[in-house]
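Trainee: What follows is a single structure, and I will ask about it in a moment.
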Amino acid sequence: MRCWGVLGKSMSSLKEKYENSKLSGVIGVFGKSVVAFLKGCYPILVYYLIIGAVVFVSGLIFGSGKLWGSIVEAVGTVVAIPYLRHVFRKDVLLRAYGILTRQNVEKKERVLRYLYGAASIIVVALAMNNILGYLPLDRISTAYQKVSGELYAGPVLVQILCLGFVVPYGEELLFRGVILGRLKDAFGAQKAIIISAVLFGVVHGNLVQLIYARIVGLALAYFADKHQSLWPAYLGHCAANLFAIAVQNGVFPVPESFLLRLLGKIILV
């Protein structure tokens, strides 16, 4: 019995030393960071579960691969938008500041700032398209080939409506609205911009968009945070997707474009 008592005291002593040690502090901070990250980012899972459910139901009703990928993606986004708007508005109300908070500036000046932010995002997107156009990543990534074939099937007007306007709205509401705002509360603006951009690249699920979406995601998050509005990110996102649609449909021969090569060199310098 005496041995057990000594062992118990030793364990208590070790526990007390651990709780007062730096290691305990590091583990505590790490644990809190993980919890904050998961709490901030779980809407991504909900968003893609909703889209996955729409894909599954459409497959049951119409048959697998019968509908154009752009339409399925857009319908999934539309179904998910009420959830995203609810979470986003709730976050803004609970926050002393918010991504939709309007700066005390004249409307005309605010619009110009939004357009400047959108134009900057477009430049980054064009440069990334140009840079990736010189690399064989699209031929290496079978996942990209599959996604590209599905999304860019169907009439161009359908692609423009679905991929050019509807999907960017849902993604901006999720990534630059809900996710960026929550990560900013937990980790600060700089880390939130980087983490949200990494997540934006990862969820696209292929090598080409992993690189492209991550870089463009940095610009989207930066200007959304800088101007405290989703408008610059949404307009820039729409323009980037519309350009991608034009490239996929042969309107712009990216590698041969002198302007895009120049933009790419500017970004690389």
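For the structure tokens, the naming scheme is as follows: chains receive sequential letters (A, B, ...) according to their order of presentation, residues are indexed from 1 within each chain, and ligands are indexed from 1 in presentation order.
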If we count only C-alpha atoms, what is near Ile140 of chain A at a cut-off of 12 Å, once residues fewer than 6 positions away on the same chain are taken out, given as an NGL selection string?

Mentor: :A and (146 or 206-208)

Trainee: Please, could you write that set of residues out with N, CA, C and O atoms as a short mmCIF file (atom, residue, chain, number, x, y, z; two decimals), in the first residue's frame?

Mentor:
data_model
loop_
_atom_site.label_atom_id
_atom_site.label_comp_id
_atom_site.auth_asym_id
_atom_site.auth_seq_id
_atom_site.Cartn_x
_atom_site.Cartn_y
_atom_site.Cartn_z
N LYS A 146 -10.31 15.30 -66.43
CA LYS A 146 -11.67 14.83 -66.19
C LYS A 146 -12.59 15.96 -65.79
O LYS A 146 -13.69 16.12 -66.34
N ASN A 206 -7.24 18.91 -57.99
CA ASN A 206 -6.34 18.50 -59.07
C ASN A 206 -5.12 19.42 -59.10
O ASN A 206 -5.16 20.53 -58.56
N LEU A 207 -4.05 18.96 -59.72
CA LEU A 207 -2.75 19.64 -59.66
C LEU A 207 -2.80 21.04 -60.26
O LEU A 207 -2.26 21.99 -59.69
N VAL A 208 -3.44 21.20 -61.42
CA VAL A 208 -3.47 22.50 -62.11
C VAL A 208 -4.19 23.53 -61.26
O VAL A 208 -3.68 24.62 -60.99
#

Trainee: Could you tell me which of A:Leu218, A:Leu67, A:Leu38, A:Leu115 comes closest to Gln190 of chain A if we count only C-alpha atoms?

Mentor: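 The shortest atom-to-atom distance to Gln190 of chain A comes from A:Leu218.
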
Trainee: Just how far from atom CA of Tyr152 of chain A is atom CA of Gly65 of chain A, in Å to one decimal?

Mentor: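 Computing it gives 12.9 Å between the two atoms.
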
Trainee: Please measure the separation of atom CA of Leu137 of chain A and atom CA of Tyr48 of chain A, giving the value in Å to one decimal.

Mentor: 25.1 Å

Trainee: Would you please work out which residue, of A:Val178, A:Met128, A:Ala221, A:Val166, is nearest to Lys191 of chain A when using only C-alpha atoms?

Mentor: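 Result for the nearest residue to Lys191 of chain A: A:Ala221.
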
Trainee: Would you return as JSON, numbers by chain the members of segment 67-260 of chain A that DSSP assigns to helix (DSSP H, G or I) on this structure's backbone?

Mentor: {"A": [69, 70, 71, 72, 73, 74, 75, 76, 77, 78, 79, 80, 81, 82, 83, 84, 85, 86, 87, 88, 89, 90, 91, 92, 93, 94, 107, 108, 109, 110, 111, 112, 113, 114, 115, 116, 117, 118, 119, 120, 121, 122, 123, 124, 125, 126, 127, 128, 129, 130, 131, 132, 133, 137, 138, 139, 140, 142, 143, 144, 145, 146, 147, 148, 149, 150, 151, 156, 157, 158, 159, 160, 161, 162, 163, 164, 165, 166, 167, 168, 169, 170, 171, 172, 173, 174, 175, 176, 177, 178, 179, 180, 181, 182, 183, 184, 185, 186, 187, 189, 190, 191, 192, 193, 194, 195, 196, 197, 198, 199, 200, 201, 202, 207, 208, 209, 210, 211, 212, 213, 214, 215, 216, 217, 218, 219, 220, 221, 222, 223, 224, 225, 226, 231, 232, 233, 234, 235, 236, 237, 238, 239, 240, 241, 242, 243, 244, 245, 246, 247, 248, 254, 255, 256, 258, 259, 260]}

Trainee: What lies within 10 Å of Phe37 of chain A using only C-alpha atoms, ignoring chain neighbours under 2 positions off, as a PDB file with N, CA and C atoms, in the first residue's frame?

Mentor:
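Now in out19.pdb:
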ATOM      1  N   GLY A  31      -3.613  22.775 -29.578  1.00  0.00           N
ATOM      2  CA  GLY A  31      -4.966  22.226 -29.499  1.00  0.00           C
ATOM      3  C   GLY A  31      -6.024  23.284 -29.757  1.00  0.00           C
ATOM      4  N   LYS A  32      -5.836  24.457 -29.166  1.00  0.00           N
ATOM      5  CA  LYS A  32      -6.790  25.545 -29.381  1.00  0.00           C
ATOM      6  C   LYS A  32      -6.791  25.996 -30.836  1.00  0.00           C
ATOM      7  N   SER A  33      -5.621  25.999 -31.467  1.00  0.00           N
ATOM      8  CA  SER A  33      -5.526  26.391 -32.877  1.00  0.00           C
ATOM      9  C   SER A  33      -6.266  25.403 -33.768  1.00  0.00           C
ATOM     10  N   VAL A  34      -6.098  24.112 -33.473  1.00  0.00           N
ATOM     11  CA  VAL A  34      -6.788  23.075 -34.259  1.00  0.00           C
ATOM     12  C   VAL A  34      -8.296  23.226 -34.118  1.00  0.00           C
ATOM     13  N   VAL A  35      -8.760  23.425 -32.888  1.00  0.00           N
ATOM     14  CA  VAL A  35     -10.201  23.590 -32.649  1.00  0.00           C
ATOM     15  C   VAL A  35     -10.725  24.820 -33.375  1.00  0.00           C
ATOM     16  N   LYS A  39     -13.454  24.719 -36.324  1.00  0.00           N
ATOM     17  CA  LYS A  39     -14.673  25.490 -36.116  1.00  0.00           C
ATOM     18  C   LYS A  39     -14.882  26.499 -37.223  1.00  0.00           C
ATOM     19  N   GLY A  40     -13.787  27.077 -37.704  1.00  0.00           N
ATOM     20  CA  GLY A  40     -13.895  28.081 -38.752  1.00  0.00           C
ATOM     21  C   GLY A  40     -14.154  27.489 -40.122  1.00  0.00           C
ATOM     22  N   CYS A  41     -13.676  26.269 -40.363  1.00  0.00           N
ATOM     23  CA  CYS A  41     -13.677  25.719 -41.722  1.00  0.00           C
ATOM     24  C   CYS A  41     -14.724  24.639 -41.985  1.00  0.00           C
ATOM     25  N   TYR A  42     -15.489  24.228 -40.967  1.00  0.00           N
ATOM     26  CA  TYR A  42     -16.447  23.155 -41.220  1.00  0.00           C
ATOM     27  C   TYR A  42     -17.498  23.501 -42.270  1.00  0.00           C
ATOM     28  N   ILE A 179     -15.415  31.626 -44.389  1.00  0.00           N
ATOM     29  CA  ILE A 179     -14.133  31.051 -43.960  1.00  0.00           C
ATOM     30  C   ILE A 179     -13.106  32.124 -43.622  1.00  0.00           C
ATOM     31  N   ARG A 182     -14.016  33.911 -40.316  1.00  0.00           N
ATOM     32  CA  ARG A 182     -13.804  33.098 -39.115  1.00  0.00           C
ATOM     33  C   ARG A 182     -12.316  32.880 -38.828  1.00  0.00           C
ATOM     34  N   LEU A 183     -11.558  32.618 -39.878  1.00  0.00           N
ATOM     35  CA  LEU A 183     -10.112  32.435 -39.681  1.00  0.00           C
ATOM     36  C   LEU A 183      -9.456  33.732 -39.225  1.00  0.00           C
ATOM     37  N   ALA A 186      -9.854  34.075 -35.580  1.00  0.00           N
ATOM     38  CA  ALA A 186      -9.044  33.125 -34.805  1.00  0.00           C
ATOM     39  C   ALA A 186      -7.543  33.374 -34.913  1.00  0.00           C
ATOM     40  N   PHE A 187      -7.069  33.743 -36.116  1.00  0.00           N
ATOM     41  CA  PHE A 187      -5.624  33.779 -36.357  1.00  0.00           C
ATOM     42  C   PHE A 187      -5.088  35.130 -36.837  1.00  0.00           C
ATOM     43  N   ALA A 192      -5.114  34.294 -41.992  1.00  0.00           N
ATOM     44  CA  ALA A 192      -6.422  33.936 -42.550  1.00  0.00           C
ATOM     45  C   ALA A 192      -6.396  33.974 -44.075  1.00  0.00           C
ATOM     46  N   ILE A 195      -4.278  30.830 -45.227  1.00  0.00           N
ATOM     47  CA  ILE A 195      -4.966  29.555 -44.987  1.00  0.00           C
ATOM     48  C   ILE A 195      -6.171  29.410 -45.910  1.00  0.00           C
TER      49      ILE A 195
END

Trainee: Residues near Arg214 of chain A, anyone? I mean within 6 Å using only C-alpha atoms, not counting same-chain ones fewer than 4 positions away, as a PyMOL selection string.

Mentor: chain A and resi 197-198+201+210

Trainee: For N, CA, C and O atoms, I'd like the residues from the last selection saved as a PDB file, in the first residue's frame.

Mentor:
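Listed below is the output, selection-v5.pdb:
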ATOM      1  N   ALA A 197      -6.620  30.724 -48.805  1.00  0.00           N
ATOM      2  CA  ALA A 197      -6.149  30.507 -50.175  1.00  0.00           C
ATOM      3  C   ALA A 197      -5.690  29.060 -50.377  1.00  0.00           C
ATOM      4  O   ALA A 197      -5.965  28.448 -51.421  1.00  0.00           O
ATOM      5  N   VAL A 198      -4.998  28.515 -49.377  1.00  0.00           N
ATOM      6  CA  VAL A 198      -4.558  27.111 -49.457  1.00  0.00           C
ATOM      7  C   VAL A 198      -5.761  26.179 -49.534  1.00  0.00           C
ATOM      8  O   VAL A 198      -5.805  25.258 -50.361  1.00  0.00           O
ATOM      9  N   GLY A 201      -7.387  26.223 -52.901  1.00  0.00           N
ATOM     10  CA  GLY A 201      -6.678  25.420 -53.890  1.00  0.00           C
ATOM     11  C   GLY A 201      -6.887  23.930 -53.676  1.00  0.00           C
ATOM     12  O   GLY A 201      -7.107  23.180 -54.630  1.00  0.00           O
ATOM     13  N   LEU A 210      -4.923  23.296 -58.136  1.00  0.00           N
ATOM     14  CA  LEU A 210      -4.288  23.425 -56.821  1.00  0.00           C
ATOM     15  C   LEU A 210      -3.331  24.609 -56.821  1.00  0.00           C
ATOM     16  O   LEU A 210      -3.299  25.411 -55.883  1.00  0.00           O
TER      17      LEU A 210
END

Trainee: Extract, using only C-alpha atoms, all DNA, RNA and protein residues at most 12 Å from Ile71 of chain A, discarding same-chain residues fewer than 6 positions from it, and format them as a tab-separated table (two decimals) with N, CA, C and O atoms, in the first residue's frame.

Mentor:
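Saved as selection07.tsv:
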chain	number	residue	atom	x	y	z
A	51	ILE	N	-23.33	19.90	-52.45
A	51	ILE	CA	-23.07	19.73	-53.88
A	51	ILE	C	-22.98	18.24	-54.23
A	51	ILE	O	-23.51	17.79	-55.26
A	54	VAL	N	-26.42	16.84	-54.47
A	54	VAL	CA	-27.07	17.24	-55.73
A	54	VAL	C	-26.55	16.39	-56.89
A	54	VAL	O	-27.33	15.94	-57.74
A	55	VAL	N	-25.24	16.15	-56.91
A	55	VAL	CA	-24.66	15.29	-57.96
A	55	VAL	C	-25.25	13.89	-57.88
A	55	VAL	O	-25.60	13.28	-58.91
A	58	SER	N	-29.00	13.98	-58.99
A	58	SER	CA	-29.10	14.19	-60.44
A	58	SER	C	-28.71	12.92	-61.19
A	58	SER	O	-29.29	12.61	-62.24
A	65	GLY	N	-23.54	11.28	-65.72
A	65	GLY	CA	-22.91	11.90	-66.87
A	65	GLY	C	-23.87	12.43	-67.92
A	65	GLY	O	-23.44	12.90	-68.98
A	77	THR	N	-24.57	24.77	-56.19
A	77	THR	CA	-24.25	26.06	-55.57
A	77	THR	C	-25.51	26.80	-55.15
A	77	THR	O	-25.57	27.35	-54.04
A	78	VAL	N	-26.51	26.82	-56.02
A	78	VAL	CA	-27.78	27.50	-55.72
A	78	VAL	C	-28.44	26.88	-54.49
A	78	VAL	O	-28.96	27.58	-53.62
A	150	GLU	N	-15.77	17.69	-67.94
A	150	GLU	CA	-17.14	17.72	-67.42
A	150	GLU	C	-17.68	19.14	-67.32
A	150	GLU	O	-18.82	19.42	-67.71
A	151	LEU	N	-16.87	20.06	-66.80
A	151	LEU	CA	-17.34	21.42	-66.55
A	151	LEU	C	-17.54	22.21	-67.84
A	151	LEU	O	-18.46	23.01	-67.95
A	152	TYR	N	-16.64	21.99	-68.80
A	152	TYR	CA	-16.71	22.80	-70.02
A	152	TYR	C	-17.45	22.09	-71.15
A	152	TYR	O	-17.27	22.41	-72.32
A	153	ALA	N	-18.29	21.13	-70.79
A	153	ALA	CA	-19.18	20.52	-71.77
A	153	ALA	C	-20.43	21.39	-71.91
A	153	ALA	O	-20.77	22.15	-71.02
A	154	GLY	N	-21.11	21.28	-73.03
A	154	GLY	CA	-22.34	22.03	-73.21
A	154	GLY	C	-22.11	23.37	-73.87
A	154	GLY	O	-20.97	23.79	-74.09
A	155	PRO	N	-23.20	24.08	-74.17
A	155	PRO	CA	-23.12	25.38	-74.85
A	155	PRO	C	-22.33	26.41	-74.03
A	155	PRO	O	-22.33	26.38	-72.80
A	156	VAL	N	-21.70	27.31	-74.73
A	156	VAL	CA	-20.89	28.35	-74.07
A	156	VAL	C	-21.76	29.23	-73.17
A	156	VAL	O	-21.33	29.63	-72.08
A	157	LEU	N	-22.97	29.54	-73.59
A	157	LEU	CA	-23.84	30.39	-72.79
A	157	LEU	C	-24.17	29.74	-71.44
A	157	LEU	O	-24.27	30.44	-70.42
A	158	VAL	N	-24.34	28.42	-71.44
A	158	VAL	CA	-24.58	27.70	-70.18
A	158	VAL	C	-23.35	27.79	-69.29
A	158	VAL	O	-23.46	28.02	-68.08
A	159	GLN	N	-22.17	27.62	-69.86
A	159	GLN	CA	-20.93	27.74	-69.10
A	159	GLN	C	-20.79	29.14	-68.51
A	159	GLN	O	-20.39	29.30	-67.35
A	160	ILE	N	-21.10	30.16	-69.31
A	160	ILE	CA	-20.98	31.55	-68.85
A	160	ILE	C	-21.89	31.81	-67.66
A	160	ILE	O	-21.48	32.39	-66.65
A	161	LEU	N	-23.15	31.37	-67.76
A	161	LEU	CA	-24.11	31.61	-66.68
A	161	LEU	C	-23.72	30.84	-65.42
A	161	LEU	O	-23.67	31.41	-64.32
A	162	CYS	N	-23.43	29.54	-65.59
A	162	CYS	CA	-23.19	28.68	-64.43
A	162	CYS	C	-21.81	28.91	-63.81
A	162	CYS	O	-21.70	29.15	-62.60
A	163	LEU	N	-20.77	28.80	-64.65
A	163	LEU	CA	-19.40	28.90	-64.14
A	163	LEU	C	-18.92	30.35	-64.02
A	163	LEU	O	-18.04	30.65	-63.22
A	164	GLY	N	-19.51	31.23	-64.85
A	164	GLY	CA	-19.07	32.62	-64.86
A	164	GLY	C	-19.68	33.48	-63.78
A	164	GLY	O	-19.06	34.46	-63.34
A	165	PHE	N	-20.90	33.10	-63.31
A	165	PHE	CA	-21.59	33.98	-62.36
A	165	PHE	C	-22.14	33.25	-61.13
A	165	PHE	O	-22.00	33.74	-60.02
A	166	VAL	N	-22.78	32.10	-61.33
A	166	VAL	CA	-23.43	31.43	-60.20
A	166	VAL	C	-22.41	30.80	-59.25
A	166	VAL	O	-22.43	31.06	-58.04
A	167	VAL	N	-21.53	29.95	-59.78
A	167	VAL	CA	-20.54	29.27	-58.94
A	167	VAL	C	-19.61	30.25	-58.21
A	167	VAL	O	-19.36	30.07	-57.01

Trainee: In Å, rounded to a single decimal, give me how far atom CA of Leu173 of chain A is from atom CA of Pro82 of chain A.

Mentor: 10.4 Å

Trainee: From the list A:Val46, A:Tyr144, A:Glu73, A:Lys90, which residue is nearest Gln209 of chain A when using only C-alpha atoms?

Mentor: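 Closest to Gln209 of chain A, using only C-alpha atoms: A:Tyr144.
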
Trainee: Considering only C-alpha atoms, state which residue in the set A:Leu112, A:Ala240, A:Val216, A:Val75 is at the smallest distance from Ile50 of chain A.

Mentor: A:Val75
